[in-house]
Amino acid sequence: MKVLKYIFSMMLLGGIISACADLDTKLTNEWSESDTWRDADMAQGVLLSVYQDVMIAPDAWDGNFLDAATDNALTRNYDSKVYRASQGAFSRSTNPLGNWSSCYDQLQRIHLFLDKGLTDNVSYDVANANNDKRTKRRLQGEALFLRAWCSFQLLQMYGGKTDDGEVLGYPIVTRYITPEESAHPENFKRDTYEDCVKQICDDCETAMSLLPLTYSGGDAILGDISFGRASGLAAAALKARVLLYAASPAYQSDRVVKLNGMGDYTIIDQVAYKAKWERAALYAYEVLQMQGMATYAALIPNELYDGGDAQSAEFLFRTFVGRSHDIETRHYPPYYYGNAQTIPSQNLAASFPAKNGFPIDDPRSLYDKDNPYDCERDNRFLVNLYYQGRQFGANASYIDVTPGGKDSGYLDVKASRSGYYLAKFINADVANFLKPLEEQDSRHYYPMLRKGEVWLNFAEASNEVWGPKVAGPGCSMSAYDVIRVIREKSGGITNTTYLDEMAGTPESFRELIQNERRIEFAFENQRFWDLRRWLLPLNESILGMEVTRKEDSSENFEVKLVEERPLNDIRYYYLPLPYDELQKNPNLKNNKGW
């Protein structure tokens with residue numbers, strides 16, 4: 001196991017120290033570790049440094065979205081982590097997405113704060129003992145939420161089956177690891193997946209008991225001033241996600257689910273299998289009864305790229321990326337001075353149903369492959385994609401990917417290879433936002449947990465245990481009821497004919513729910529994990545839309561192959577543990593196939 005040694009570094013806290021006007025004018029290197037745990041700003045800064053690490057930008061993978069390693073998209077950056085992941089560049093010694101060291105470093109800082117940042121030696125309000133106590137209570141809740149969050153990142157990345165059919169997670173750490181302990185990595189081993197789930201859920205529950213559900217009002221500690229910190233609802237939503245993963249077929253032992261091959265598994269023990277889905281469904285429903293969760297509302301796209309100071313009602317835990325144009329620079333078409341790094345696929349485009357509710361491969365959708373963009377589509381189609389002929393933002397300019405067109409590879413090597421450009425998270429108010437001689441900034445947010453996910457979590461789990469149209473014990477709605485509402489409010493789909501047809505069996509309704517998750521959370525970096533936890537095919541070829549212009553100036557549309565994905569082995573469902581850790585610790589058992 002990697003040496004879990006926290007080396008106190010004043011460089012880490014330098015930004016925090018320099019920002020505190022009321023501190024003595026010591027040089028950074030004059031502050032000792034003991035100074036940190038007597039000064040409230042510096043003590044809290046240790047916890048804030050964890051926030052800074054975990055609250056990443058949505059395209060944090062070398063400037064790409066993780067969707068570029070799935071069938072949703074591809075990347076133009078062939079040196080990036082996501083490209084290597086999409087091409088199966090995992091081995092016993094390589095995981096391009098690995099986060100083992102960073103997560104354990106974050107856990108060390110959290111435990112250091114829990115040990116030293118909440119004692120009587122540090123006061124967060126020297127004039128008011130009660131406020132000091134209330135602040136420490138909130139900070140303890142935040143620290144436990146962050147521990148749950150970092151622990152889940154480890155579980156998500158490294159949790160999986162072993163060659164002998166066990167399901168393991170990560171080595172659970174709930175306290176500061178001393179240098180003496182870290183010198184003996186052989187004392188650590190991977191805990192069971194279920195034990196990891198329990199630890200994370202327990203932390204979420206304790207965090208909920210210490211934190212307000214939301215921050216509102218003028219209270220100096222629990223009011224709007226604390227907007228953006230971990231909250232009770234964020235902890236509840238995280239627990240709901242963890243329980244959903246724990247019920248998924250990829251994370252059941254061979255005694256419960258047998259993995260036969262790519263996209264092929266057999267449920268051996270229906271009772272044990274459904275019990276975990278019921279646990280996930282009942283808890284998600286419990287969360288939906290909490291204040292502010294009972295009404296579903298569609299995502300407001302511009303809250304992602306031009307959000308205001310007020311907290312979005314939809315976001316439960318989010319990154320404030322800041323006022324910048326960096327995301328636009330990375331993903332705009334080259335014509336608009338962008339690099340088009342993450343490029344949506346035709347696979348994703350085809351997953352959006354027509355406005356009448358039918359998928360586009362159903363004749364009843366009225367989709368015309370010769371005029372693919374004349375068919376009115378689910379509202380989320382426009383939220384995510386720019387395509388041939390669509391107006392780009394407020395400018396009187398239209399996407400043109402035909403040969404010689406301004407957005408084609410004929411004019412710029414950075415142009416889209418799929419015929420699509422990214423719309424989600426992108427401020428395309430070109431008339432006001434993009435001025436060649438005057439750079440404009442936009443306030444971006446990345447929702448890492450949001451209310452809509454809890455709704456879809458409930459629908460998925462409810463369908464697995466009770467079927468599409470049955471409301472479970474104590475529940476007032478079924479999976480069908482939830483999906484109907486989501487399709488209407490997020491997709492603008494009011495026709496329920498296709499929905500009714502898919503509700504005929506849990507299996508067909510499962511496919512519909514999986515597609516709803518795909519289009520609802522596109523480019524929110526969930527597809528990579530959803531494919532794996534459901535043991536869905538990982539080797540789908542990436543398709544694009546080739547558009548050419550005929551002699552009569554009309555356009556010809558043809559779906560084409562853009563990129564192969566050689567993820568054709570079941571070992572790719574589970575990612576390998578770090579090679580260095582395995583070499584140091586013989587008690588660490590690797591995942592299946594590694």
# chains A, B, ... in the order shown; residues from 1 in each chain; ligands from 1

$ residues_around --residues "A:Ser253" --least-positions-apart "2" --cutoff "8 Å" --atoms "only C-alpha atoms" --output "ChimeraX atom specification"
/A:161,165-167,251,255-258

$ select_by_dssp --residues "stretch 297-461 of chain A" --states "helix (DSSP H, G or I)" --output "ChimeraX atom specification"
/A:302-305,326-331,334-336,346-350,363-365,380-384,430-433,451-461

$ closest_atom_pairs --of "stretch 124-229 of chain A" --to "stretch 285-305 of chain A" --cutoff "12 Å" --atoms "only C-alpha atoms" --output "JSON lines"
{"residue": "A:Glu205", "atom": "CA", "partner": "A:Val287", "partner_atom": "CA", "distance": 11.9}
{"residue": "A:Met208", "atom": "CA", "partner": "A:Val287", "partner_atom": "CA", "distance": 11.5}
{"residue": "A:Pro212", "atom": "CA", "partner": "A:Gln291", "partner_atom": "CA", "distance": 11.1}
{"residue": "A:Leu213", "atom": "CA", "partner": "A:Gln291", "partner_atom": "CA", "distance": 7.9}
{"residue": "A:Thr214", "atom": "CA", "partner": "A:Gly292", "partner_atom": "CA", "distance": 9.1}

$ residues_around --residues "stretch 193-204 of chain A" --least-positions-apart "3" --cutoff "6 Å" --atoms "only C-alpha atoms" --output "JSON, numbers by chain"
{"A": [144, 145, 148, 167, 168, 169, 207, 235, 239]}

$ residues_around --residues "A:Leu531" --least-positions-apart "2" --cutoff "10 Å" --atoms "only C-alpha atoms" --output "mmCIF file with C-alpha atoms, in the first residue's frame"
data_model
loop_
_atom_site.group_PDB
_atom_site.id
_atom_site.type_symbol
_atom_site.label_atom_id
_atom_site.label_comp_id
_atom_site.auth_asym_id
_atom_site.auth_seq_id
_atom_site.Cartn_x
_atom_site.Cartn_y
_atom_site.Cartn_z
ATOM 1 C CA THR A 70 -17.321 6.157 -23.497
ATOM 2 C CA ASP A 71 -19.649 5.812 -26.467
ATOM 3 C CA ALA A 250 -20.991 -5.667 -11.416
ATOM 4 C CA GLY A 263 -22.515 -7.598 -21.602
ATOM 5 C CA GLN A 514 -30.454 3.424 -18.700
ATOM 6 C CA ARG A 518 -27.420 8.573 -20.492
ATOM 7 C CA GLN A 526 -21.475 9.384 -15.130
ATOM 8 C CA ARG A 527 -21.684 7.280 -18.300
ATOM 9 C CA PHE A 528 -18.217 5.767 -17.797
ATOM 10 C CA TRP A 529 -19.294 4.269 -14.483
ATOM 11 C CA ARG A 533 -21.686 -1.158 -13.013
ATOM 12 C CA TRP A 534 -24.339 -2.543 -15.396
ATOM 13 C CA LEU A 535 -21.831 -4.696 -17.307
ATOM 14 C CA LEU A 536 -22.889 -3.120 -20.591
ATOM 15 C CA PRO A 537 -20.753 -3.457 -23.742
ATOM 16 C CA LEU A 538 -17.677 -1.236 -23.646
ATOM 17 C CA TYR A 573 -15.221 -3.637 -16.213
#

$ residues_around --residues "A:Phe521" --least-positions-apart "6" --cutoff "12 Å" --atoms "only C-alpha atoms" --output "PyMOL selection string"
chain A and resi 58+65-67+72+298-299+301+348+380-381+383-384+424-425+446-453+456+490+513-515+527-530

$ residues_around --residues "A:Leu577" --least-positions-apart "3" --cutoff "9 Å" --atoms "only C-alpha atoms" --output "list in words"
Arg92, Ser93, Thr94, Asn95, Gly98, Trp100, Met157, Tyr158, Asp580, Glu581, Leu582, Leu588, Lys589, Asn590, Asn591 and Trp594 of chain A

$ write_last_selection --atoms "N, CA, C and O atoms" --output "mmCIF file, in the first residue's frame"
data_model
loop_
_atom_site.group_PDB
_atom_site.id
_atom_site.type_symbol
_atom_site.label_atom_id
_atom_site.label_comp_id
_atom_site.auth_asym_id
_atom_site.auth_seq_id
_atom_site.Cartn_x
_atom_site.Cartn_y
_atom_site.Cartn_z
ATOM 1 N N ARG A 92 -1.394 -4.041 -15.800
ATOM 2 C CA ARG A 92 -1.057 -4.295 -14.399
ATOM 3 C C ARG A 92 -0.233 -3.153 -13.810
ATOM 4 O O ARG A 92 -0.187 -2.977 -12.594
ATOM 5 N N SER A 93 0.394 -2.383 -14.662
ATOM 6 C CA SER A 93 1.241 -1.291 -14.174
ATOM 7 C C SER A 93 0.712 0.090 -14.541
ATOM 8 O O SER A 93 1.321 1.088 -14.183
ATOM 9 N N THR A 94 -0.431 0.155 -15.227
ATOM 10 C CA THR A 94 -0.909 1.447 -15.719
ATOM 11 C C THR A 94 -2.422 1.578 -15.559
ATOM 12 O O THR A 94 -3.172 0.694 -15.966
ATOM 13 N N ASN A 95 -2.828 2.675 -14.957
ATOM 14 C CA ASN A 95 -4.232 3.077 -14.940
ATOM 15 C C ASN A 95 -4.255 4.568 -15.206
ATOM 16 O O ASN A 95 -3.971 5.374 -14.312
ATOM 17 N N GLY A 98 -6.144 6.603 -12.661
ATOM 18 C CA GLY A 98 -5.951 6.254 -11.260
ATOM 19 C C GLY A 98 -5.947 7.455 -10.313
ATOM 20 O O GLY A 98 -5.414 8.516 -10.628
ATOM 21 N N TRP A 100 -5.584 6.731 -6.645
ATOM 22 C CA TRP A 100 -5.268 6.115 -5.357
ATOM 23 C C TRP A 100 -4.511 7.084 -4.448
ATOM 24 O O TRP A 100 -4.938 7.366 -3.318
ATOM 25 N N MET A 157 -13.493 3.771 -8.359
ATOM 26 C CA MET A 157 -12.361 3.488 -9.232
ATOM 27 C C MET A 157 -11.847 2.063 -9.078
ATOM 28 O O MET A 157 -11.532 1.388 -10.066
ATOM 29 N N TYR A 158 -11.762 1.585 -7.839
ATOM 30 C CA TYR A 158 -11.059 0.323 -7.601
ATOM 31 C C TYR A 158 -11.954 -0.815 -7.123
ATOM 32 O O TYR A 158 -11.491 -1.957 -7.055
ATOM 33 N N ASP A 580 2.626 -0.297 -7.967
ATOM 34 C CA ASP A 580 3.555 -0.053 -6.861
ATOM 35 C C ASP A 580 2.973 -0.521 -5.536
ATOM 36 O O ASP A 580 3.692 -1.043 -4.679
ATOM 37 N N GLU A 581 1.665 -0.316 -5.353
ATOM 38 C CA GLU A 581 1.036 -0.741 -4.106
ATOM 39 C C GLU A 581 1.017 -2.264 -3.989
ATOM 40 O O GLU A 581 1.221 -2.820 -2.911
ATOM 41 N N LEU A 582 0.758 -2.925 -5.107
ATOM 42 C CA LEU A 582 0.738 -4.385 -5.101
ATOM 43 C C LEU A 582 2.130 -4.954 -4.814
ATOM 44 O O LEU A 582 2.264 -5.985 -4.141
ATOM 45 N N LEU A 588 -2.674 -7.113 -0.816
ATOM 46 C CA LEU A 588 -3.622 -6.475 -1.730
ATOM 47 C C LEU A 588 -3.933 -7.426 -2.881
ATOM 48 O O LEU A 588 -3.030 -7.854 -3.603
ATOM 49 N N LYS A 589 -5.193 -7.722 -3.050
ATOM 50 C CA LYS A 589 -5.628 -8.607 -4.122
ATOM 51 C C LYS A 589 -6.148 -7.754 -5.270
ATOM 52 O O LYS A 589 -6.970 -6.866 -5.061
ATOM 53 N N ASN A 590 -5.687 -8.012 -6.490
ATOM 54 C CA ASN A 590 -6.072 -7.197 -7.638
ATOM 55 C C ASN A 590 -7.440 -7.612 -8.165
ATOM 56 O O ASN A 590 -7.979 -8.665 -7.809
ATOM 57 N N ASN A 591 -7.991 -6.770 -9.029
ATOM 58 C CA ASN A 591 -9.294 -7.062 -9.619
ATOM 59 C C ASN A 591 -9.199 -8.118 -10.708
ATOM 60 O O ASN A 591 -8.113 -8.439 -11.204
ATOM 61 N N TRP A 594 -6.539 -8.828 -13.819
ATOM 62 C CA TRP A 594 -5.311 -8.040 -13.712
ATOM 63 C C TRP A 594 -4.272 -8.744 -12.834
ATOM 64 O O TRP A 594 -3.211 -8.230 -12.592
#

$ select_by_dssp --residues "stretch 316-380 of chain A" --states "strand (DSSP E)" --output "ChimeraX atom specification"
/A:316-324,342-344

$ write_last_selection --atoms "N, CA and C atoms" --output "compact mmCIF listing (two decimals), in the first residue's frame"
# COMPACT_ATOMS: atom_id res chain seq x y z
N LEU A 316 -26.95 19.95 -5.61
CA LEU A 316 -26.79 19.61 -4.21
C LEU A 316 -25.33 19.71 -3.77
N PHE A 317 -24.42 19.40 -4.65
CA PHE A 317 -22.98 19.57 -4.39
C PHE A 317 -22.35 19.89 -5.72
N ARG A 318 -21.73 21.05 -5.82
CA ARG A 318 -21.27 21.49 -7.13
C ARG A 318 -19.94 22.21 -7.03
N THR A 319 -19.21 22.18 -8.11
CA THR A 319 -18.00 22.95 -8.26
C THR A 319 -18.33 24.32 -8.84
N PHE A 320 -17.81 25.35 -8.24
CA PHE A 320 -17.85 26.68 -8.85
C PHE A 320 -16.53 26.83 -9.60
N VAL A 321 -16.59 26.70 -10.92
CA VAL A 321 -15.37 26.72 -11.72
C VAL A 321 -14.75 28.11 -11.76
N GLY A 322 -15.57 29.14 -11.60
CA GLY A 322 -15.06 30.50 -11.59
C GLY A 322 -15.46 31.26 -12.84
N ARG A 323 -15.18 32.52 -12.82
CA ARG A 323 -15.49 33.35 -13.98
C ARG A 323 -14.32 33.26 -14.96
N SER A 324 -14.55 32.53 -16.04
CA SER A 324 -13.49 32.36 -17.03
C SER A 324 -14.12 31.96 -18.35
N THR A 342 -13.42 17.80 -26.61
CA THR A 342 -14.38 16.71 -26.43
C THR A 342 -15.48 16.86 -27.47
N ILE A 343 -15.68 15.79 -28.24
CA ILE A 343 -16.58 15.83 -29.40
C ILE A 343 -17.70 14.81 -29.22
N PRO A 344 -18.96 15.24 -29.17
CA PRO A 344 -20.07 14.28 -29.04
C PRO A 344 -20.12 13.32 -30.23

$ residues_around --residues "stretch 404-411 of chain A" --least-positions-apart "5" --cutoff "8 Å" --atoms "only C-alpha atoms" --output "list of chain:residue names"
A:Pro333, A:Pro334, A:Tyr335, A:Ile399, A:Ser416, A:Arg417

$ closest_residue --among "A:Val482, A:Val242, A:Cys375, A:Val413" --to "A:Lys276" --atoms "only C-alpha atoms"
A:Val242

$ atom_distance --atom1 "atom CA of A:Ala503" --atom2 "atom CA of A:Leu259"
26.1 Å

$ closest_residue --among "A:Ser49, A:Asp79, A:Ala129, A:Thr162" --to "A:Phe113" --atoms "only C-alpha atoms"
A:Ser49

$ closest_residue --among "A:Gln440, A:Ala281, A:Gly141, A:Gly117" --to "A:Met477" --atoms "only C-alpha atoms"
A:Ala281

$ atom_distance --atom1 "atom CA of A:Lys274" --atom2 "atom CA of A:Ala471"
15.0 Å

$ atom_distance --atom1 "atom CA of A:Asp429" --atom2 "atom CA of A:Asn371"
26.8 Å
